[in-house]
Protein chains: 2
Amino acid sequence: MRSEVEYMAARLFVEADLRRGVEITLLGAQSHYLRNVLRLKSGVSVALFNGRHGEWRARIIDAGKKETTVCVQDQTRYQSAVPDLWLVFALLKQSRLNFVIEKATELGVSVLQPIFTQITDIGRTNVERLRAHAIEAAEQSERLSVPAIREAVRLEGLLSNWPQERRVLACVEAGAAKPIAEVLEAVTQEPASNHGTWAILVGPAGGFTRSELDALNKLPFVTPVGLGPRILRADTAALAAIACWQAILGDGQQRPSDR
Amino acid sequence: MRSEVEYMAARLFVEADLRRGVEITLLGAQSHYLRNVLRLKSGVSVALFNGRHGEWRARIIDAGKKETTVCVQDQTRYQSAVPDLWLVFALLKQSRLNFVIEKATELGVSVLQPIFTQITDIGRTNVERLRAHAIEAAEQSERLSVPAIREAVRLEGLLSNWPQERRVLACVEAGAAKPIAEVLEAVTQEPASNHGTWAILVGPAGGFTRSELDALNKLPFVTPVGLGPRILRADTAALAAIACWQAILGDGQQRPSDR
(Lines give C-alpha, C1' and ligand atoms only; values in the text may rest on other atoms or scores of the structure.)
Protein backbone atom coordinates (compact mmCIF):
# COMPACT_ATOMS: atom_id res chain seq x y z
CA MET A 1 0.00 0.00 0.00
CA ARG A 2 1.10 3.65 -0.05
CA SER A 3 4.26 4.35 1.92
CA GLU A 4 3.04 7.73 3.07
CA VAL A 5 -0.37 9.32 3.02
CA GLU A 6 -0.69 11.53 -0.01
CA TYR A 7 -3.39 14.15 -0.08
CA MET A 8 -6.15 13.31 -2.52
CA ALA A 9 -8.30 16.23 -3.52
CA ALA A 10 -11.50 14.27 -4.14
CA ARG A 11 -12.98 10.81 -3.76
CA LEU A 12 -15.14 9.43 -6.54
CA PHE A 13 -17.13 6.29 -7.27
CA VAL A 14 -16.59 4.82 -10.76
CA GLU A 15 -17.98 1.75 -12.50
CA ALA A 16 -14.73 0.89 -14.32
CA ASP A 17 -12.24 -1.75 -13.23
CA LEU A 18 -9.38 -0.28 -11.21
CA ARG A 19 -5.80 -1.42 -11.77
CA ARG A 20 -2.48 0.28 -12.33
CA GLY A 21 -2.17 2.18 -15.59
CA VAL A 22 -5.84 2.15 -16.55
CA GLU A 23 -7.08 5.46 -17.96
CA ILE A 24 -10.62 6.45 -17.03
CA THR A 25 -12.63 9.27 -18.56
CA LEU A 26 -14.94 11.01 -16.11
CA LEU A 27 -17.97 12.69 -17.63
CA GLY A 28 -20.86 14.92 -16.63
CA ALA A 29 -21.26 15.75 -12.96
CA GLN A 30 -17.96 14.19 -11.88
CA SER A 31 -15.94 16.09 -14.47
CA HIS A 32 -17.83 19.29 -13.65
CA TYR A 33 -17.12 18.79 -9.96
CA LEU A 34 -13.38 18.33 -10.46
CA ARG A 35 -12.97 21.13 -12.96
CA ASN A 36 -15.48 23.81 -11.96
CA VAL A 37 -16.10 23.21 -8.26
CA LEU A 38 -12.70 22.03 -7.01
CA ARG A 39 -10.79 23.65 -9.92
CA LEU A 40 -8.31 20.79 -10.09
CA LYS A 41 -5.59 20.80 -12.72
CA SER A 42 -3.62 18.06 -14.42
CA GLY A 43 -1.19 16.32 -12.06
CA VAL A 44 -3.47 16.42 -9.02
CA SER A 45 -4.40 13.10 -7.38
CA VAL A 46 -7.91 11.91 -6.63
CA ALA A 47 -9.17 8.71 -4.98
CA LEU A 48 -11.34 6.25 -6.89
CA PHE A 49 -13.38 3.24 -5.73
CA ASN A 50 -15.78 0.93 -7.56
CA GLY A 51 -17.10 -1.39 -4.86
CA ARG A 52 -14.90 -4.28 -6.05
CA HIS A 53 -11.22 -3.33 -6.18
CA GLY A 54 -10.59 -1.24 -3.08
CA GLU A 55 -9.49 2.39 -3.34
CA TRP A 56 -6.88 3.68 -5.80
CA ARG A 57 -4.99 6.90 -6.30
CA ALA A 58 -5.44 8.31 -9.79
CA ARG A 59 -3.78 11.33 -11.36
CA ILE A 60 -5.59 13.83 -13.53
CA ILE A 61 -3.88 13.73 -16.92
CA ASP A 62 -6.32 15.81 -18.92
CA ALA A 63 -8.82 18.28 -17.45
CA GLY A 64 -10.93 19.20 -20.46
CA LYS A 65 -14.06 21.26 -20.75
CA LYS A 66 -16.46 18.32 -21.05
CA GLU A 67 -14.48 15.44 -19.61
CA THR A 68 -11.62 14.69 -17.27
CA THR A 69 -9.21 11.84 -17.87
CA VAL A 70 -7.39 10.23 -14.97
CA CYS A 71 -4.74 7.54 -14.89
CA VAL A 72 -4.92 4.96 -12.08
CA GLN A 73 -1.64 4.85 -10.11
CA ASP A 74 -1.56 2.70 -6.99
CA GLN A 75 -3.91 1.05 -4.54
CA THR A 76 -4.45 2.96 -1.31
CA ARG A 77 -6.93 0.60 0.44
CA TYR A 78 -7.93 -3.02 -0.03
CA GLN A 79 -11.58 -3.78 -0.66
CA SER A 80 -13.60 -4.39 2.49
CA ALA A 81 -17.31 -5.02 2.89
CA VAL A 82 -19.78 -3.22 5.12
CA PRO A 83 -21.67 -5.62 7.40
CA ASP A 84 -24.53 -7.50 5.72
CA LEU A 85 -27.35 -5.30 7.03
CA TRP A 86 -30.46 -4.42 5.02
CA LEU A 87 -32.66 -1.45 5.72
CA VAL A 88 -36.29 -2.13 4.79
CA PHE A 89 -38.27 1.09 5.04
CA ALA A 90 -41.61 2.49 3.95
CA LEU A 91 -41.31 5.15 1.27
CA LEU A 92 -41.18 8.68 2.67
CA LYS A 93 -41.59 12.07 1.18
CA GLN A 94 -38.63 13.29 -0.80
CA SER A 95 -36.62 15.29 1.72
CA ARG A 96 -36.84 12.61 4.40
CA LEU A 97 -36.13 9.89 1.86
CA ASN A 98 -32.94 11.62 0.75
CA PHE A 99 -31.98 11.91 4.36
CA VAL A 100 -32.50 8.18 5.03
CA ILE A 101 -30.44 7.24 1.97
CA GLU A 102 -27.58 9.52 3.02
CA LYS A 103 -27.53 8.48 6.66
CA ALA A 104 -28.01 4.75 6.06
CA THR A 105 -25.13 4.83 3.57
CA GLU A 106 -22.84 6.61 6.02
CA LEU A 107 -23.83 4.35 8.91
CA GLY A 108 -23.21 1.32 6.73
CA VAL A 109 -26.05 -0.72 5.27
CA SER A 110 -25.52 -3.10 2.34
CA VAL A 111 -29.02 -2.98 0.86
CA LEU A 112 -31.78 -0.34 0.89
CA GLN A 113 -35.19 -1.90 0.25
CA PRO A 114 -38.09 0.58 0.04
CA ILE A 115 -41.54 -0.87 0.72
CA PHE A 116 -45.20 -0.02 0.44
CA THR A 117 -47.22 -0.77 3.57
CA GLN A 118 -50.96 -0.58 4.14
CA ILE A 119 -50.80 3.14 4.88
CA THR A 120 -47.80 4.26 2.88
CA ASP A 121 -49.12 7.25 0.96
CA ILE A 122 -46.17 7.64 -1.39
CA GLY A 123 -46.82 6.04 -4.74
CA ARG A 124 -43.47 5.55 -6.41
CA THR A 125 -39.78 6.28 -6.33
CA ASN A 126 -36.90 6.76 -8.71
CA VAL A 127 -34.20 4.24 -7.93
CA GLU A 128 -31.60 5.97 -10.11
CA ARG A 129 -32.06 9.24 -8.23
CA LEU A 130 -31.78 7.47 -4.88
CA ARG A 131 -28.66 5.71 -6.10
CA ALA A 132 -27.07 9.07 -6.94
CA HIS A 133 -27.66 10.12 -3.33
CA ALA A 134 -26.15 6.90 -2.05
CA ILE A 135 -23.07 7.34 -4.26
CA GLU A 136 -22.50 10.86 -2.94
CA ALA A 137 -22.80 9.65 0.66
CA ALA A 138 -20.45 6.72 -0.01
CA GLU A 139 -17.85 9.08 -1.54
CA GLN A 140 -18.10 11.33 1.50
CA SER A 141 -18.02 8.60 4.14
CA GLU A 142 -14.97 6.77 2.74
CA ARG A 143 -16.99 3.62 2.18
CA LEU A 144 -15.53 1.33 -0.47
CA SER A 145 -18.94 0.34 -1.80
CA VAL A 146 -22.35 1.81 -2.57
CA PRO A 147 -25.39 0.14 -1.02
CA ALA A 148 -27.68 -1.67 -3.45
CA ILE A 149 -30.99 0.14 -3.87
CA ARG A 150 -33.88 -2.14 -4.72
CA GLU A 151 -37.15 -1.30 -6.42
CA ALA A 152 -39.97 -0.64 -3.94
CA VAL A 153 -42.17 -3.70 -3.25
CA ARG A 154 -45.16 -4.46 -1.03
CA LEU A 155 -44.26 -5.46 2.54
CA GLU A 156 -46.55 -8.49 2.38
CA GLY A 157 -44.88 -9.88 -0.73
CA LEU A 158 -41.39 -9.16 0.60
CA LEU A 159 -42.07 -11.08 3.80
CA SER A 160 -43.67 -14.05 2.03
CA ASN A 161 -40.46 -14.57 0.02
CA TRP A 162 -38.11 -13.64 2.83
CA PRO A 163 -34.78 -15.51 3.17
CA GLN A 164 -35.56 -17.23 6.48
CA GLU A 165 -32.03 -17.12 7.84
CA ARG A 166 -31.95 -13.30 7.72
CA ARG A 167 -33.25 -11.96 11.02
CA VAL A 168 -35.41 -8.84 11.11
CA LEU A 169 -35.46 -6.17 13.80
CA ALA A 170 -38.91 -4.62 13.37
CA CYS A 171 -39.00 -1.14 14.95
CA VAL A 172 -42.50 -0.86 16.45
CA GLU A 173 -44.01 1.86 18.63
CA ALA A 174 -47.11 -0.09 19.66
CA GLY A 175 -47.50 -3.58 21.06
CA ALA A 176 -44.98 -5.82 22.76
CA ALA A 177 -41.31 -5.28 21.95
CA LYS A 178 -37.95 -5.78 23.60
CA PRO A 179 -35.50 -2.90 23.91
CA ILE A 180 -33.16 -2.93 20.89
CA ALA A 181 -29.96 -2.95 22.98
CA GLU A 182 -31.17 -5.97 24.97
CA VAL A 183 -31.88 -7.95 21.79
CA LEU A 184 -28.54 -7.06 20.19
CA GLU A 185 -26.49 -7.65 23.31
CA ALA A 186 -28.06 -11.10 23.68
CA VAL A 187 -26.85 -11.94 20.16
CA THR A 188 -23.29 -10.91 21.04
CA GLN A 189 -23.34 -13.58 23.74
CA GLU A 190 -23.85 -16.28 21.10
CA PRO A 191 -20.87 -17.67 19.13
CA ALA A 192 -19.88 -15.31 16.31
CA SER A 193 -20.89 -17.95 13.75
CA ASN A 194 -24.50 -17.52 14.96
CA HIS A 195 -24.61 -13.74 14.57
CA GLY A 196 -26.01 -14.16 11.08
CA THR A 197 -27.36 -11.62 8.64
CA TRP A 198 -29.89 -8.97 9.54
CA ALA A 199 -32.43 -6.45 8.35
CA ILE A 200 -33.93 -3.44 10.09
CA LEU A 201 -37.60 -2.83 9.27
CA VAL A 202 -39.16 0.61 9.76
CA GLY A 203 -42.77 1.48 9.03
CA PRO A 204 -44.32 4.58 7.47
CA ALA A 205 -44.95 7.90 9.24
CA GLY A 206 -48.29 6.61 10.52
CA GLY A 207 -46.83 3.33 11.76
CA PHE A 208 -47.74 -0.25 10.93
CA THR A 209 -51.42 -1.21 11.08
CA ARG A 210 -52.68 -3.66 13.67
CA SER A 211 -52.92 -6.42 11.04
CA GLU A 212 -49.36 -5.74 9.87
CA LEU A 213 -48.12 -5.91 13.46
CA ASP A 214 -50.00 -9.19 13.98
CA ALA A 215 -48.49 -10.65 10.82
CA LEU A 216 -44.98 -9.54 11.82
CA ASN A 217 -45.37 -11.07 15.26
CA LYS A 218 -46.09 -14.47 13.72
CA LEU A 219 -42.93 -14.64 11.63
CA PRO A 220 -40.12 -16.64 13.24
CA PHE A 221 -37.37 -14.44 11.79
CA VAL A 222 -38.90 -11.16 13.11
CA THR A 223 -38.06 -9.63 16.50
CA PRO A 224 -40.13 -6.55 17.40
CA VAL A 225 -37.89 -3.97 19.09
CA GLY A 226 -38.52 -0.70 20.89
CA LEU A 227 -36.45 2.47 20.66
CA GLY A 228 -37.48 4.11 23.91
CA PRO A 229 -40.45 6.12 25.17
CA ARG A 230 -40.51 8.93 22.63
CA ILE A 231 -42.31 8.71 19.30
CA LEU A 232 -39.63 8.84 16.61
CA ARG A 233 -40.26 9.91 13.04
CA ALA A 234 -39.71 7.05 10.59
CA ASP A 235 -36.39 8.49 9.40
CA THR A 236 -35.15 8.96 12.96
CA ALA A 237 -36.12 5.41 13.88
CA ALA A 238 -34.23 4.00 10.88
CA LEU A 239 -31.08 5.87 11.82
CA ALA A 240 -31.23 5.10 15.49
CA ALA A 241 -31.71 1.39 14.84
CA ILE A 242 -28.84 1.23 12.34
CA ALA A 243 -26.55 3.14 14.72
CA CYS A 244 -27.33 0.73 17.58
CA TRP A 245 -26.92 -2.34 15.37
CA GLN A 246 -23.54 -1.19 14.06
CA ALA A 247 -22.30 -0.21 17.53
CA ILE A 248 -23.31 -3.46 19.23
CA LEU A 249 -23.32 -6.15 16.53
CA GLY A 250 -21.70 -4.53 13.46
CA ASP A 251 -18.28 -3.03 12.84
CA GLY A 252 -18.52 -0.30 15.48
CA GLN A 253 -15.29 -1.46 17.10
CA GLN A 254 -13.29 -0.61 13.95
CA ARG A 255 -11.67 2.78 13.32
CA PRO A 256 -11.44 4.87 10.13
CA SER A 257 -8.32 4.27 8.09
CA ASP A 258 -5.58 6.89 8.50
CA ARG A 259 -6.14 9.90 6.34
CA MET B 1 -55.58 9.92 34.69
CA ARG B 2 -57.93 9.52 31.75
CA SER B 3 -60.13 6.45 31.94
CA GLU B 4 -60.04 5.86 28.21
CA VAL B 5 -57.82 7.26 25.52
CA GLU B 6 -59.56 10.19 23.87
CA TYR B 7 -58.38 11.31 20.49
CA MET B 8 -56.60 14.62 20.63
CA ALA B 9 -56.31 16.41 17.33
CA ALA B 10 -53.04 18.21 18.05
CA ARG B 11 -50.28 18.43 20.62
CA LEU B 12 -48.90 21.84 21.53
CA PHE B 13 -46.25 23.27 23.81
CA VAL B 14 -47.35 26.26 25.90
CA GLU B 15 -45.59 28.41 28.49
CA ALA B 16 -48.65 28.82 30.75
CA ASP B 17 -49.31 26.82 33.91
CA LEU B 18 -51.58 23.85 33.29
CA ARG B 19 -54.33 22.95 35.73
CA ARG B 20 -58.01 22.16 35.49
CA GLY B 21 -60.19 25.05 34.37
CA VAL B 22 -57.42 27.37 33.21
CA GLU B 23 -58.20 29.19 29.95
CA ILE B 24 -55.27 29.72 27.60
CA THR B 25 -55.24 31.93 24.54
CA LEU B 26 -53.12 30.59 21.70
CA LEU B 27 -51.78 33.17 19.30
CA GLY B 28 -49.87 33.39 16.04
CA ALA B 29 -48.56 30.17 14.53
CA GLN B 30 -50.34 27.89 16.99
CA SER B 31 -53.71 29.49 16.40
CA HIS B 32 -53.12 29.49 12.65
CA TYR B 33 -52.20 25.80 12.77
CA LEU B 34 -55.34 24.80 14.65
CA ARG B 35 -57.71 26.94 12.62
CA ASN B 36 -56.31 27.04 9.10
CA VAL B 37 -54.21 23.87 8.84
CA LEU B 38 -56.16 21.39 10.95
CA ARG B 39 -59.46 23.32 10.64
CA LEU B 40 -60.47 22.48 14.19
CA LYS B 41 -63.71 23.85 15.60
CA SER B 42 -64.90 24.61 19.13
CA GLY B 43 -65.41 21.49 21.22
CA VAL B 44 -62.43 19.59 19.80
CA SER B 45 -59.73 18.42 22.23
CA VAL B 46 -56.02 19.10 21.92
CA ALA B 47 -53.10 18.05 24.14
CA LEU B 48 -50.97 20.66 25.90
CA PHE B 49 -47.64 20.38 27.73
CA ASN B 50 -45.36 22.99 29.25
CA GLY B 51 -42.35 21.02 30.47
CA ARG B 52 -43.48 21.24 34.12
CA HIS B 53 -47.01 19.92 34.62
CA GLY B 54 -47.28 16.83 32.43
CA GLU B 55 -49.73 16.65 29.55
CA TRP B 56 -53.33 17.90 29.71
CA ARG B 57 -56.36 17.62 27.53
CA ALA B 58 -57.81 21.03 26.64
CA ARG B 59 -60.96 21.83 24.74
CA ILE B 60 -61.21 24.54 22.12
CA ILE B 61 -63.82 26.99 23.39
CA ASP B 62 -63.31 29.80 20.90
CA ALA B 63 -61.65 29.44 17.49
CA GLY B 64 -61.33 33.04 16.36
CA LYS B 65 -59.60 34.55 13.37
CA LYS B 66 -56.52 35.75 15.25
CA GLU B 67 -56.52 33.63 18.36
CA THR B 68 -57.81 30.35 19.71
CA THR B 69 -58.92 29.96 23.31
CA VAL B 70 -58.77 26.57 24.98
CA CYS B 71 -59.90 25.44 28.42
CA VAL B 72 -57.73 22.92 30.26
CA GLN B 73 -59.75 19.82 31.25
CA ASP B 74 -57.86 16.90 32.75
CA GLN B 75 -54.34 15.55 33.00
CA THR B 76 -53.46 12.79 30.54
CA ARG B 77 -49.82 12.15 31.52
CA TYR B 78 -47.72 12.97 34.55
CA GLN B 79 -44.55 14.99 34.02
CA SER B 80 -41.45 12.89 33.35
CA ALA B 81 -37.96 13.98 32.48
CA VAL B 82 -35.78 12.90 29.59
CA PRO B 83 -32.40 11.54 30.75
CA ASP B 84 -29.85 14.22 31.69
CA LEU B 85 -27.87 14.14 28.44
CA TRP B 86 -26.34 17.21 26.84
CA LEU B 87 -25.40 17.46 23.19
CA VAL B 88 -22.41 19.75 22.64
CA PHE B 89 -21.92 20.31 18.91
CA ALA B 90 -20.06 22.64 16.59
CA LEU B 91 -22.33 24.97 14.67
CA LEU B 92 -23.34 23.63 11.27
CA LYS B 93 -24.87 25.17 8.23
CA GLN B 94 -28.59 25.83 8.52
CA SER B 95 -30.16 22.71 7.02
CA ARG B 96 -27.94 20.33 8.97
CA LEU B 97 -28.36 22.38 12.13
CA ASN B 98 -32.16 22.15 11.87
CA PHE B 99 -31.77 18.44 11.39
CA VAL B 100 -29.61 18.03 14.50
CA ILE B 101 -32.08 20.02 16.60
CA GLU B 102 -35.01 17.93 15.39
CA LYS B 103 -33.34 14.55 15.78
CA ALA B 104 -31.67 15.32 19.13
CA THR B 105 -35.02 16.46 20.50
CA GLU B 106 -36.78 13.29 19.33
CA LEU B 107 -34.01 11.03 20.58
CA GLY B 108 -34.11 12.79 23.94
CA VAL B 109 -31.44 15.26 24.99
CA SER B 110 -31.99 17.72 27.82
CA VAL B 111 -29.62 20.48 26.68
CA LEU B 112 -28.32 21.53 23.26
CA GLN B 113 -25.07 23.47 23.55
CA PRO B 114 -23.68 24.82 20.25
CA ILE B 115 -19.96 25.57 20.22
CA PHE B 116 -17.31 27.27 18.15
CA THR B 117 -14.18 25.20 17.61
CA GLN B 118 -10.88 26.16 15.96
CA ILE B 119 -12.21 25.41 12.50
CA THR B 120 -15.92 26.06 12.89
CA ASP B 121 -16.69 28.35 9.96
CA ILE B 122 -20.19 29.33 11.05
CA GLY B 123 -20.21 32.65 12.82
CA ARG B 124 -23.45 32.85 14.75
CA THR B 125 -26.81 31.33 15.40
CA ASN B 126 -30.29 32.39 16.37
CA VAL B 127 -31.28 30.60 19.55
CA GLU B 128 -34.94 31.57 19.26
CA ARG B 129 -35.17 30.03 15.80
CA LEU B 130 -33.50 26.85 16.99
CA ARG B 131 -35.89 26.74 19.92
CA ALA B 132 -38.86 26.91 17.56
CA HIS B 133 -37.49 23.81 15.81
CA ALA B 134 -37.02 22.02 19.11
CA ILE B 135 -40.58 22.85 20.19
CA GLU B 136 -41.98 21.42 16.97
CA ALA B 137 -39.95 18.22 17.38
CA ALA B 138 -41.01 17.91 21.04
CA GLU B 139 -44.68 18.28 20.07
CA GLN B 140 -44.27 15.60 17.42
CA SER B 141 -42.32 13.13 19.54
CA GLU B 142 -44.66 13.21 22.56
CA ARG B 143 -41.90 14.51 24.80
CA LEU B 144 -43.18 16.37 27.84
CA SER B 145 -40.40 18.93 27.72
CA VAL B 146 -38.40 20.98 25.26
CA PRO B 147 -34.59 20.76 25.44
CA ALA B 148 -32.84 23.90 26.65
CA ILE B 149 -30.91 25.59 23.86
CA ARG B 150 -27.88 27.52 25.03
CA GLU B 151 -26.06 30.37 23.34
CA ALA B 152 -23.05 29.22 21.32
CA VAL B 153 -19.74 29.45 23.20
CA ARG B 154 -16.11 28.61 22.47
CA LEU B 155 -15.18 24.97 23.16
CA GLU B 156 -12.12 26.02 25.13
CA GLY B 157 -14.11 28.21 27.50
CA LEU B 158 -16.83 25.61 27.90
CA LEU B 159 -14.34 22.94 28.92
CA SER B 160 -12.46 25.20 31.32
CA ASN B 161 -15.69 25.77 33.29
CA TRP B 162 -17.02 22.25 32.84
CA PRO B 163 -18.96 20.63 35.72
CA GLN B 164 -16.42 17.90 36.49
CA GLU B 165 -18.95 15.25 37.46
CA ARG B 166 -20.58 15.32 34.00
CA ARG B 167 -18.82 12.81 31.79
CA VAL B 168 -18.18 13.59 28.13
CA LEU B 169 -18.24 11.13 25.23
CA ALA B 170 -16.10 12.89 22.63
CA CYS B 171 -16.81 11.50 19.14
CA VAL B 172 -13.44 11.50 17.37
CA GLU B 173 -12.45 10.09 14.00
CA ALA B 174 -8.70 10.39 14.49
CA GLY B 175 -6.49 9.26 17.34
CA ALA B 176 -7.10 6.70 20.04
CA ALA B 177 -10.70 5.98 21.00
CA LYS B 178 -12.74 3.13 22.42
CA PRO B 179 -15.84 1.87 20.62
CA ILE B 180 -18.89 3.71 21.97
CA ALA B 181 -20.82 0.51 22.83
CA GLU B 182 -17.88 -0.82 24.85
CA VAL B 183 -17.66 2.39 26.91
CA LEU B 184 -21.40 2.54 27.55
CA GLU B 185 -21.76 -1.15 28.36
CA ALA B 186 -18.92 -0.86 30.89
CA VAL B 187 -20.90 1.90 32.65
CA THR B 188 -23.98 -0.33 32.87
CA GLN B 189 -21.90 -2.79 34.88
CA GLU B 190 -21.36 -0.15 37.57
CA PRO B 191 -24.02 0.46 40.25
CA ALA B 192 -26.82 2.66 38.89
CA SER B 193 -25.85 5.41 41.36
CA ASN B 194 -22.55 5.74 39.45
CA HIS B 195 -24.10 6.14 36.00
CA GLY B 196 -24.03 9.89 36.43
CA THR B 197 -24.79 12.68 33.99
CA TRP B 198 -23.37 12.84 30.49
CA ALA B 199 -22.66 14.95 27.46
CA ILE B 200 -21.94 13.94 23.87
CA LEU B 201 -19.40 16.15 22.10
CA VAL B 202 -19.27 16.33 18.30
CA GLY B 203 -16.83 18.44 16.29
CA PRO B 204 -17.31 20.47 13.13
CA ALA B 205 -17.46 19.09 9.59
CA GLY B 206 -13.66 19.25 9.36
CA GLY B 207 -13.14 17.51 12.71
CA PHE B 208 -11.27 18.65 15.78
CA THR B 209 -7.74 19.95 15.31
CA ARG B 210 -4.76 18.10 16.69
CA SER B 211 -4.41 20.59 19.55
CA GLU B 212 -8.11 20.26 20.40
CA LEU B 213 -7.78 16.47 20.44
CA ASP B 214 -4.72 16.73 22.68
CA ALA B 215 -6.55 19.04 25.08
CA LEU B 216 -9.60 16.73 25.17
CA ASN B 217 -7.41 13.72 25.90
CA LYS B 218 -6.00 15.42 29.00
CA LEU B 219 -9.36 16.09 30.62
CA PRO B 220 -10.36 13.49 33.23
CA PHE B 221 -14.07 13.73 32.43
CA VAL B 222 -13.61 13.13 28.68
CA THR B 223 -13.69 9.68 27.04
CA PRO B 224 -12.86 9.69 23.30
CA VAL B 225 -15.16 7.24 21.51
CA GLY B 226 -15.26 5.85 17.98
CA LEU B 227 -18.34 5.23 15.86
CA GLY B 228 -16.93 2.65 13.47
CA PRO B 229 -14.77 2.69 10.34
CA ARG B 230 -16.76 5.04 8.14
CA ILE B 231 -16.38 8.81 8.23
CA LEU B 232 -19.65 10.22 9.50
CA ARG B 233 -20.84 13.74 8.86
CA ALA B 234 -21.07 15.77 12.05
CA ASP B 235 -24.86 15.55 12.13
CA THR B 236 -24.82 11.79 11.60
CA ALA B 237 -22.24 11.33 14.35
CA ALA B 238 -24.36 13.35 16.81
CA LEU B 239 -27.43 11.24 16.10
CA ALA B 240 -25.66 7.92 16.15
CA ALA B 241 -24.02 8.70 19.49
CA ILE B 242 -27.29 9.86 21.09
CA ALA B 243 -29.11 6.77 19.78
CA CYS B 244 -26.46 4.45 21.26
CA TRP B 245 -26.39 6.33 24.57
CA GLN B 246 -30.18 6.17 24.96
CA ALA B 247 -30.35 2.51 23.96
CA ILE B 248 -27.59 1.34 26.31
CA LEU B 249 -27.49 3.82 29.20
CA GLY B 250 -30.62 5.99 28.79
CA ASP B 251 -34.33 5.21 28.76
CA GLY B 252 -34.24 2.87 25.75
CA GLN B 253 -35.92 0.12 27.74
CA GLN B 254 -39.10 2.22 28.17
CA ARG B 255 -42.03 2.16 25.74
CA PRO B 256 -44.19 5.01 24.41
CA SER B 257 -47.35 5.65 26.41
CA ASP B 258 -50.53 4.18 24.92
CA ARG B 259 -52.04 6.38 22.30
# chains A, B, ... in the order shown; residues from 1 in each chain; ligands from 1
$ residues_around --residues "stretch 76-87 of chain B" --least-positions-apart "3" --cutoff "7 Å" --atoms "only C-alpha atoms" --output "list in words"
Met1, Arg2, Arg52, His53, Gly54, Glu55, Trp56, Arg57, Gly108, Val109, Ser110, Val111, Leu112, Gln113, Leu144, Thr197, Trp198, Ala199, Ile200, Leu201, Gly250 and Asp251 of chain B
$ select_by_dssp --residues "stretch 84-169 of chain A" --states "strand (DSSP E or B)" --output "MDAnalysis selection string"
chainID A and resid 85:90 111:116 148:149 153:154 166:169
$ residues_around --residues "B:Arg143" --least-positions-apart "4" --cutoff "7 Å" --atoms "only C-alpha atoms" --output "ChimeraX atom specification"
/A:230 /B:138-139
$ closest_residue --among "A:Ile231, A:Ala176, A:Val37, A:Ile61" --to "B:Gln140" --atoms "only C-alpha atoms"
A:Ile231
$ interface_residues --of "chain A" --to "chain B" --cutoff "8 Å" --atoms "only C-alpha atoms" --output "PyMOL selection string"
chain A and resi 103+106-108+140-143+173-174+178-181+226-233+236+239-241+243-244+246-248+251-258
$ residues_around --residues "B:Val14" --least-positions-apart "5" --cutoff "9 Å" --atoms "only C-alpha atoms" --output "ChimeraX atom specification"
/B:24,26,48-51
$ select_by_dssp --residues "stretch 90-125 of chain A" --states "helix (DSSP H, G or I)" --output "number ranges by chain"
A: 94-107
$ atom_distance --atom1 "atom CA of B:Asn98" --atom2 "atom CA of B:Asp121"
16.8 Å
$ residues_around --residues "B:Ala63" --least-positions-apart "4" --cutoff "10 Å" --atoms "only C-alpha atoms" --output "PyMOL selection string"
chain B and resi 25-26+31-32+34-35+39-43+67-70
$ closest_residue --among "B:Ala192, B:Val127, B:Leu169, B:Leu184" --to "B:Pro220" --atoms "only C-alpha atoms"
B:Leu169
$ residues_around --residues "B:Arg131" --least-positions-apart "2" --cutoff "9 Å" --atoms "only C-alpha atoms" --output "ChimeraX atom specification"
/B:101,126-129,133-136,146-149
$ write_last_selection --atoms "N, CA, C and O atoms" --output "CSV table (one decimal), in the first residue's frame"
chain,number,residue,atom,x,y,z
B,101,ILE,N,-31.1,19.6,15.6
B,101,ILE,CA,-32.1,20.0,16.6
B,101,ILE,C,-33.3,19.1,16.6
B,101,ILE,O,-33.7,18.6,17.7
B,126,ASN,N,-29.1,31.7,15.8
B,126,ASN,CA,-30.3,32.4,16.4
B,126,ASN,C,-31.0,31.4,17.3
B,126,ASN,O,-31.7,30.5,16.8
B,127,VAL,N,-30.8,31.6,18.6
B,127,VAL,CA,-31.3,30.6,19.6
B,127,VAL,C,-32.8,30.5,19.5
B,127,VAL,O,-33.4,29.4,19.6
B,128,GLU,N,-33.5,31.6,19.3
B,128,GLU,CA,-34.9,31.6,19.3
B,128,GLU,C,-35.4,30.7,18.1
B,128,GLU,O,-36.4,30.0,18.2
B,129,ARG,N,-34.8,30.8,17.0
B,129,ARG,CA,-35.2,30.0,15.8
B,129,ARG,C,-34.9,28.5,16.0
B,129,ARG,O,-35.7,27.7,15.7
B,133,HIS,N,-37.7,25.2,16.4
B,133,HIS,CA,-37.5,23.8,15.8
B,133,HIS,C,-37.6,22.7,16.9
B,133,HIS,O,-38.2,21.7,16.7
B,134,ALA,N,-37.0,23.0,18.0
B,134,ALA,CA,-37.0,22.0,19.1
B,134,ALA,C,-38.4,21.8,19.6
B,134,ALA,O,-38.9,20.7,19.9
B,135,ILE,N,-39.2,22.9,19.7
B,135,ILE,CA,-40.6,22.8,20.2
B,135,ILE,C,-41.4,22.0,19.2
B,135,ILE,O,-42.1,21.1,19.7
B,136,GLU,N,-41.2,22.2,17.9
B,136,GLU,CA,-42.0,21.4,17.0
B,136,GLU,C,-41.6,19.9,17.1
B,136,GLU,O,-42.5,19.1,17.0
B,146,VAL,N,-39.2,20.5,26.4
B,146,VAL,CA,-38.4,21.0,25.3
B,146,VAL,C,-37.0,21.1,25.7
B,146,VAL,O,-36.7,21.6,26.8
B,147,PRO,N,-36.0,20.6,25.0
B,147,PRO,CA,-34.6,20.8,25.4
B,147,PRO,C,-34.2,22.2,25.6
B,147,PRO,O,-34.7,23.1,24.8
B,148,ALA,N,-33.4,22.5,26.5
B,148,ALA,CA,-32.8,23.9,26.6
B,148,ALA,C,-31.8,24.1,25.5
B,148,ALA,O,-31.0,23.2,25.2
B,149,ILE,N,-31.9,25.3,24.9
B,149,ILE,CA,-30.9,25.6,23.9
B,149,ILE,C,-30.1,26.7,24.3
B,149,ILE,O,-30.6,27.8,24.6
